[in-house]
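So the structure is just underneath, and the comments pick up after that.
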Amino acid sequence: SEMCIRDSQRRVHGYIAEAGRNVGETFMYDFSISLTHFYEIVDIMRKKLEGKAVTLGFGHIGDGNLHLQASCIKPEYKNEVESILEPFVYDWVKEKGGSISAEHGVGLAKLQILPQTKESKALDYMKQLKQIFDPNEILNPYKVLL
């Protein structure tokens with residue numbers, strides 16, 4: 001049934017994330033991108049991180065949601081891997097017309113990156129929608145659009 005398929009997909013997603021963490025320090029990204037560019041970033045990052053991190057990409061091709069995961073091979077590579085990933089990944093996604101936040105939302109980690117990746121008019125619309133649907137700021141307080 002469809003419910004069994006979704007449950008299986010969630011479990012596989014969890015296993016992939018766990019496997020990455022077993023390799024080492026793991027950086028995970030969740031973004032949406034057009035299908036014409038869907039897997040390009042994975043190949044790009046594999047080349048950039050070769051010998052330093054195991055790089056995986058998986059997601060939902062139907063809605064253009066890609067999970068990029070880079071797991072450091074050695075703990076001492078953490079800072080170098082992070083500096084290779086950021087801000088490159090965010091800039092690449094913006095350049096390709098994607099969004100740095102897909103199914104898992106903006107949260108705290110991407111809050112400071114949002115103004116660099118979205119036009120100010122789009123941010124204004126987001127703030128207006130947040131105010132309409134959450135005027136008392138009780139839903140995820142302090143997490144998005146401060």
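Simple scheme: letters A, B, ... for chains in structure tokens order, numbers from 1 for residues in each chain, numbers from 1 for ligands in the order shown.
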Exercise for the section: Identify, on the basis of only C-alpha atoms, every residue whose closest approach to Glu76 of chain A does not exceed 10 Å; exclude the query and any residue fewer than 4 positions from it along the same chain; express the result as JSON, numbers by chain. Expected result: {"A": [25, 52, 72, 80, 81]}
Expected file contents, prior selection, N, CA and C atoms, as a PDB file, in the first residue's frame:
```
ATOM      1  N   GLU A  25      31.967  13.216  11.087  1.00  0.00           N
ATOM      2  CA  GLU A  25      31.203  14.470  11.148  1.00  0.00           C
ATOM      3  C   GLU A  25      30.464  14.641   9.824  1.00  0.00           C
ATOM      4  N   LYS A  52      38.409  13.715   1.289  1.00  0.00           N
ATOM      5  CA  LYS A  52      38.120  14.359   2.570  1.00  0.00           C
ATOM      6  C   LYS A  52      36.761  13.976   3.139  1.00  0.00           C
ATOM      7  N   CYS A  72      32.717  13.557   6.780  1.00  0.00           N
ATOM      8  CA  CYS A  72      34.183  13.662   6.838  1.00  0.00           C
ATOM      9  C   CYS A  72      34.818  12.297   7.077  1.00  0.00           C
ATOM     10  N   GLU A  80      37.884  22.110   7.108  1.00  0.00           N
ATOM     11  CA  GLU A  80      38.164  22.259   5.683  1.00  0.00           C
ATOM     12  C   GLU A  80      36.941  21.867   4.847  1.00  0.00           C
ATOM     13  N   VAL A  81      36.305  20.765   5.207  1.00  0.00           N
ATOM     14  CA  VAL A  81      35.114  20.325   4.486  1.00  0.00           C
ATOM     15  C   VAL A  81      34.013  21.384   4.595  1.00  0.00           C
TER      16      VAL A  81
END
```
Would you list the contacts of Leu85 of chain A as a CSV table (one decimal) with all heavy atoms, in the first residue's frame, taking every protein, DNA or RNA residue within 12 Å and counting only C-alpha atoms, but skipping same-chain residues closer than 4 positions in sequence?
```csv
chain,number,residue,atom,x,y,z
A,26,THR,N,29.1,14.9,9.9
A,26,THR,CA,28.3,14.9,8.7
A,26,THR,C,27.6,16.3,8.5
A,26,THR,O,27.1,16.8,9.5
A,26,THR,CB,27.3,13.8,8.7
A,26,THR,OG1,28.0,12.5,8.8
A,26,THR,CG2,26.4,13.8,7.5
A,27,PHE,N,27.7,16.8,7.3
A,27,PHE,CA,27.0,18.0,7.0
A,27,PHE,C,25.8,17.6,6.1
A,27,PHE,O,26.0,16.9,5.1
A,27,PHE,CB,27.9,19.0,6.2
A,27,PHE,CG,29.1,19.4,7.1
A,27,PHE,CD1,30.3,18.7,7.1
A,27,PHE,CD2,29.0,20.6,7.9
A,27,PHE,CE1,31.3,19.1,7.9
A,27,PHE,CE2,30.0,21.0,8.7
A,27,PHE,CZ,31.2,20.3,8.6
A,28,MET,N,24.6,18.1,6.4
A,28,MET,CA,23.5,17.7,5.6
A,28,MET,C,22.7,18.9,5.1
A,28,MET,O,22.6,19.9,5.9
A,28,MET,CB,22.6,16.8,6.5
A,28,MET,CG,23.2,15.5,6.9
A,28,MET,SD,22.2,14.2,7.6
A,28,MET,CE,21.4,15.0,8.9
A,29,TYR,N,22.3,18.9,3.9
A,29,TYR,CA,21.6,20.0,3.3
A,29,TYR,C,20.3,19.4,2.7
A,29,TYR,O,20.2,18.3,2.2
A,29,TYR,CB,22.4,20.6,2.2
A,29,TYR,CG,23.7,21.2,2.7
A,29,TYR,CD1,24.8,20.4,2.8
A,29,TYR,CD2,23.8,22.5,3.2
A,29,TYR,CE1,26.0,20.9,3.3
A,29,TYR,CE2,25.0,23.0,3.7
A,29,TYR,CZ,26.1,22.2,3.8
A,29,TYR,OH,27.2,22.6,4.3
A,41,ILE,N,24.9,19.0,-8.2
A,41,ILE,CA,25.7,19.4,-7.1
A,41,ILE,C,26.4,18.3,-6.4
A,41,ILE,O,27.5,18.4,-5.8
A,41,ILE,CB,24.8,20.2,-6.1
A,41,ILE,CG1,25.6,20.9,-4.9
A,41,ILE,CG2,23.7,19.3,-5.5
A,41,ILE,CD1,26.5,22.0,-5.3
A,42,VAL,N,25.8,17.1,-6.4
A,42,VAL,CA,26.4,15.9,-5.8
A,42,VAL,C,27.7,15.6,-6.5
A,42,VAL,O,28.7,15.4,-5.9
A,42,VAL,CB,25.4,14.7,-5.8
A,42,VAL,CG1,26.1,13.5,-5.2
A,42,VAL,CG2,24.1,15.0,-5.1
A,44,ILE,N,29.5,17.7,-8.3
A,44,ILE,CA,30.5,18.8,-8.1
A,44,ILE,C,31.1,18.6,-6.7
A,44,ILE,O,32.3,18.7,-6.6
A,44,ILE,CB,29.7,20.1,-8.2
A,44,ILE,CG1,29.3,20.4,-9.6
A,44,ILE,CG2,30.6,21.3,-7.6
A,44,ILE,CD1,28.3,21.6,-9.8
A,45,MET,N,30.3,18.3,-5.7
A,45,MET,CA,30.8,18.2,-4.3
A,45,MET,C,31.7,17.0,-4.2
A,45,MET,O,32.7,17.0,-3.4
A,45,MET,CB,29.7,18.3,-3.3
A,45,MET,CG,29.0,19.6,-3.2
A,45,MET,SD,30.0,21.1,-3.4
A,45,MET,CE,31.1,20.9,-2.0
A,46,ARG,N,31.4,15.9,-4.9
A,46,ARG,CA,32.3,14.7,-4.8
A,46,ARG,C,33.7,15.1,-5.3
A,46,ARG,O,34.7,14.7,-4.7
A,46,ARG,CB,31.7,13.6,-5.6
A,46,ARG,CG,30.6,12.8,-4.9
A,46,ARG,CD,30.2,11.6,-5.7
A,46,ARG,NE,29.2,10.9,-4.9
A,46,ARG,CZ,28.2,10.3,-5.4
A,46,ARG,NH1,28.0,10.2,-6.8
A,46,ARG,NH2,27.3,9.7,-4.7
A,47,LYS,N,33.8,15.9,-6.3
A,47,LYS,CA,35.1,16.3,-6.9
A,47,LYS,C,35.8,17.2,-5.9
A,47,LYS,O,37.0,17.1,-5.6
A,47,LYS,CB,34.9,16.9,-8.2
A,47,LYS,CG,34.6,15.9,-9.3
A,47,LYS,CD,34.3,16.6,-10.6
A,47,LYS,CE,33.8,15.6,-11.6
A,47,LYS,NZ,33.1,16.2,-12.7
A,48,LYS,N,35.0,18.2,-5.4
A,48,LYS,CA,35.6,19.2,-4.5
A,48,LYS,C,36.1,18.6,-3.1
A,48,LYS,O,37.0,19.0,-2.5
A,48,LYS,CB,34.6,20.3,-4.2
A,48,LYS,CG,34.4,21.3,-5.3
A,48,LYS,CD,33.4,22.3,-4.9
A,48,LYS,CE,33.4,23.5,-5.8
A,48,LYS,NZ,34.6,24.4,-5.6
A,49,LEU,N,35.4,17.5,-2.7
A,49,LEU,CA,35.6,16.9,-1.4
A,49,LEU,C,36.4,15.6,-1.5
A,49,LEU,O,36.6,14.9,-0.4
A,49,LEU,CB,34.3,16.7,-0.6
A,49,LEU,CG,33.5,18.0,-0.3
A,49,LEU,CD1,32.2,17.6,0.3
A,49,LEU,CD2,34.3,18.8,0.7
A,52,LYS,N,38.4,13.7,1.3
A,52,LYS,CA,38.1,14.4,2.6
A,52,LYS,C,36.8,14.0,3.1
A,52,LYS,O,36.6,14.0,4.3
A,52,LYS,CB,38.2,15.9,2.4
A,52,LYS,CG,39.6,16.3,1.9
A,52,LYS,CD,39.8,17.7,2.3
A,52,LYS,CE,41.2,18.2,1.8
A,52,LYS,NZ,42.3,17.3,1.7
A,53,ALA,N,35.8,13.7,2.2
A,53,ALA,CA,34.5,13.4,2.7
A,53,ALA,C,33.8,12.4,1.7
A,53,ALA,O,34.0,12.4,0.5
A,53,ALA,CB,33.6,14.6,2.9
A,55,THR,N,30.5,11.8,-0.1
A,55,THR,CA,29.4,12.7,-0.5
A,55,THR,C,28.2,11.8,-1.1
A,55,THR,O,28.5,11.1,-2.0
A,55,THR,CB,29.8,13.7,-1.5
A,55,THR,OG1,31.0,14.4,-0.9
A,55,THR,CG2,28.8,14.7,-1.8
A,68,LEU,N,21.6,16.5,0.3
A,68,LEU,CA,23.0,16.4,0.0
A,68,LEU,C,23.7,16.2,1.4
A,68,LEU,O,23.4,16.9,2.4
A,68,LEU,CB,23.6,17.7,-0.6
A,68,LEU,CG,25.1,17.8,-0.8
A,68,LEU,CD1,25.5,16.8,-1.9
A,68,LEU,CD2,25.5,19.2,-1.1
A,69,GLN,N,24.5,15.1,1.4
A,69,GLN,CA,25.2,14.8,2.7
A,69,GLN,C,26.6,14.6,2.4
A,69,GLN,O,27.0,13.8,1.5
A,69,GLN,CB,24.5,13.5,3.2
A,69,GLN,CG,25.0,13.0,4.5
A,69,GLN,CD,24.2,11.8,5.0
A,69,GLN,OE1,23.0,11.9,5.1
A,69,GLN,NE2,24.8,10.7,5.3
A,70,ALA,N,27.5,15.2,3.3
A,70,ALA,CA,28.9,15.0,3.2
A,70,ALA,C,29.5,14.6,4.5
A,70,ALA,O,29.3,15.4,5.5
A,70,ALA,CB,29.6,16.3,2.7
A,71,SER,N,30.1,13.4,4.6
A,71,SER,CA,30.6,12.9,5.9
A,71,SER,C,32.1,12.9,5.8
A,71,SER,O,32.7,12.2,5.0
A,71,SER,CB,30.0,11.5,6.1
A,71,SER,OG,28.6,11.5,6.1
A,72,CYS,N,32.7,13.6,6.8
A,72,CYS,CA,34.2,13.7,6.8
A,72,CYS,C,34.8,12.3,7.1
A,72,CYS,O,34.4,11.6,8.0
A,72,CYS,CB,34.6,14.6,7.9
A,72,CYS,SG,34.0,16.3,7.7
A,78,LYS,N,37.1,18.3,9.3
A,78,LYS,CA,35.8,19.0,9.5
A,78,LYS,C,35.8,20.4,9.1
A,78,LYS,O,35.0,20.8,8.3
A,78,LYS,CB,35.4,18.9,11.0
A,78,LYS,CG,34.1,19.6,11.3
A,78,LYS,CD,33.8,19.6,12.8
A,78,LYS,CE,32.5,20.3,13.1
A,78,LYS,NZ,32.6,21.7,13.3
A,79,ASN,N,36.8,21.2,9.5
A,79,ASN,CA,36.8,22.7,9.2
A,79,ASN,C,37.0,22.9,7.7
A,79,ASN,O,36.4,23.7,7.1
A,79,ASN,CB,37.8,23.4,10.0
A,79,ASN,CG,37.4,23.5,11.5
A,79,ASN,OD1,36.3,23.4,11.8
A,79,ASN,ND2,38.4,23.6,12.3
A,80,GLU,N,37.9,22.1,7.1
A,80,GLU,CA,38.2,22.3,5.7
A,80,GLU,C,36.9,21.9,4.8
A,80,GLU,O,36.6,22.6,3.9
A,80,GLU,CB,39.4,21.4,5.3
A,80,GLU,CG,39.8,21.6,3.8
A,80,GLU,CD,41.0,20.8,3.5
A,80,GLU,OE1,41.6,20.1,4.3
A,80,GLU,OE2,41.4,20.8,2.3
A,81,VAL,N,36.3,20.8,5.2
A,81,VAL,CA,35.1,20.3,4.5
A,81,VAL,C,34.0,21.4,4.6
A,81,VAL,O,33.4,21.7,3.6
A,81,VAL,CB,34.6,19.0,5.0
A,81,VAL,CG1,33.2,18.6,4.5
A,81,VAL,CG2,35.6,17.9,4.6
A,89,VAL,N,27.6,25.8,-1.5
A,89,VAL,CA,26.4,25.0,-1.8
A,89,VAL,C,25.2,26.0,-1.9
A,89,VAL,O,24.4,26.0,-2.8
A,89,VAL,CB,26.1,24.0,-0.7
A,89,VAL,CG1,24.7,23.4,-0.8
A,89,VAL,CG2,27.1,22.8,-0.8
A,90,TYR,N,25.1,27.0,-0.9
A,90,TYR,CA,24.0,27.9,-0.9
A,90,TYR,C,24.1,28.8,-2.2
A,90,TYR,O,23.1,29.1,-2.8
A,90,TYR,CB,24.1,28.8,0.3
A,90,TYR,CG,23.9,28.0,1.6
A,90,TYR,CD1,24.8,28.1,2.6
A,90,TYR,CD2,22.8,27.2,1.8
A,90,TYR,CE1,24.6,27.3,3.8
A,90,TYR,CE2,22.6,26.4,2.9
A,90,TYR,CZ,23.5,26.5,3.9
A,90,TYR,OH,23.4,25.8,5.1
A,91,ASP,N,25.3,29.3,-2.6
A,91,ASP,CA,25.4,30.1,-3.7
A,91,ASP,C,25.0,29.4,-5.0
A,91,ASP,O,24.3,29.9,-5.9
A,91,ASP,CB,26.9,30.6,-3.9
A,91,ASP,CG,27.2,31.6,-2.8
A,91,ASP,OD1,26.4,32.1,-2.1
A,91,ASP,OD2,28.5,31.8,-2.6
A,92,TRP,N,25.4,28.1,-5.1
A,92,TRP,CA,25.1,27.3,-6.3
A,92,TRP,C,23.6,27.1,-6.4
A,92,TRP,O,23.0,27.2,-7.5
A,92,TRP,CB,25.8,25.9,-6.2
A,92,TRP,CG,25.6,25.1,-7.4
A,92,TRP,CD1,26.4,25.0,-8.5
A,92,TRP,CD2,24.6,24.1,-7.6
A,92,TRP,NE1,25.9,24.1,-9.4
A,92,TRP,CE2,24.8,23.5,-8.9
A,92,TRP,CE3,23.5,23.7,-6.8
A,92,TRP,CZ2,23.9,22.6,-9.4
A,92,TRP,CZ3,22.6,22.7,-7.4
A,92,TRP,CH2,22.8,22.2,-8.6
A,93,VAL,N,22.9,26.8,-5.3
A,93,VAL,CA,21.5,26.6,-5.3
A,93,VAL,C,20.8,27.9,-5.7
A,93,VAL,O,19.9,27.8,-6.6
A,93,VAL,CB,21.0,26.1,-3.9
A,93,VAL,CG1,19.4,26.1,-3.8
A,93,VAL,CG2,21.5,24.7,-3.6
```
Practice task
Extract the full set of alpha helix (DSSP H) residues from segment 27-119 of chain A according to DSSP on the backbone, and format it as JSON, numbers by chain.
Solution key: {"A": [40, 41, 42, 43, 44, 45, 46, 47, 48, 78, 79, 80, 81, 82, 83, 84, 85, 88, 89, 90, 91, 92, 93, 94, 95, 114, 115, 116, 117]}
Practice task
Write out as a list in words each polymer residue whose atoms come within 12 Å of His37 of chain A, counting only C-alpha atoms; drop sequence neighbours fewer than 2 positions from it.
Solution key: Phe31, Ser32, Ile33, Ser34, Leu35, Tyr39, Glu40, Ile41, Val42, Asp43, Ile44, Ile61, Gly64, Asn65, Leu66, Trp92, Val93, Lys94, Glu95, Lys96, Gly97 and Gly98 of chain A
Once DSSP has gone over the backbone, tell me which residues of segment 38-97 of chain A are in strand (DSSP E or B), as a PDB file with C-alpha atoms, in the first residue's frame.
```pdb
ATOM      1  CA  ALA A  53      34.453  13.353   2.708  1.00  0.00           C
ATOM      2  CA  VAL A  54      31.994  10.759   1.474  1.00  0.00           C
ATOM      3  CA  THR A  55      29.350  12.660  -0.484  1.00  0.00           C
ATOM      4  CA  LEU A  56      25.835  11.340  -1.106  1.00  0.00           C
ATOM      5  CA  GLY A  57      22.729  12.700  -2.724  1.00  0.00           C
ATOM      6  CA  PHE A  58      19.224  11.340  -2.409  1.00  0.00           C
ATOM      7  CA  GLY A  59      15.769  12.807  -2.475  1.00  0.00           C
ATOM      8  CA  HIS A  60      12.398  13.122  -4.103  1.00  0.00           C
ATOM      9  CA  ASN A  65      13.824  17.914  -3.200  1.00  0.00           C
ATOM     10  CA  LEU A  66      17.460  16.854  -2.827  1.00  0.00           C
ATOM     11  CA  HIS A  67      19.297  15.847   0.325  1.00  0.00           C
ATOM     12  CA  LEU A  68      23.034  16.420   0.044  1.00  0.00           C
ATOM     13  CA  GLN A  69      25.162  14.769   2.680  1.00  0.00           C
ATOM     14  CA  ALA A  70      28.941  15.026   3.156  1.00  0.00           C
ATOM     15  CA  SER A  71      30.576  12.911   5.868  1.00  0.00           C
ATOM     16  CA  CYS A  72      34.183  13.662   6.838  1.00  0.00           C
TER      17      CYS A  72
END
```
Practice task
To one decimal in Å, tell me the separation between atom CA of Ala122 of chain A and atom CA of Ile100 of chain A.
Solution key: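 Going from atom CA of Ala122 of chain A over to atom CA of Ile100 of chain A, I get 13.5 Å.
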Practice task
Report the distance between atom CA of Ile132 of chain A and atom CA of Ser99 of chain A in Å, rounded to one decimal place.
Solution key: 22.5 Å
Fill in the blank from the handout: Closest of A:Phe88, A:Thr36, A:Asn136, A:Gly24 to Ile73 of chain A, counting only C-alpha atoms, is A:Gly24
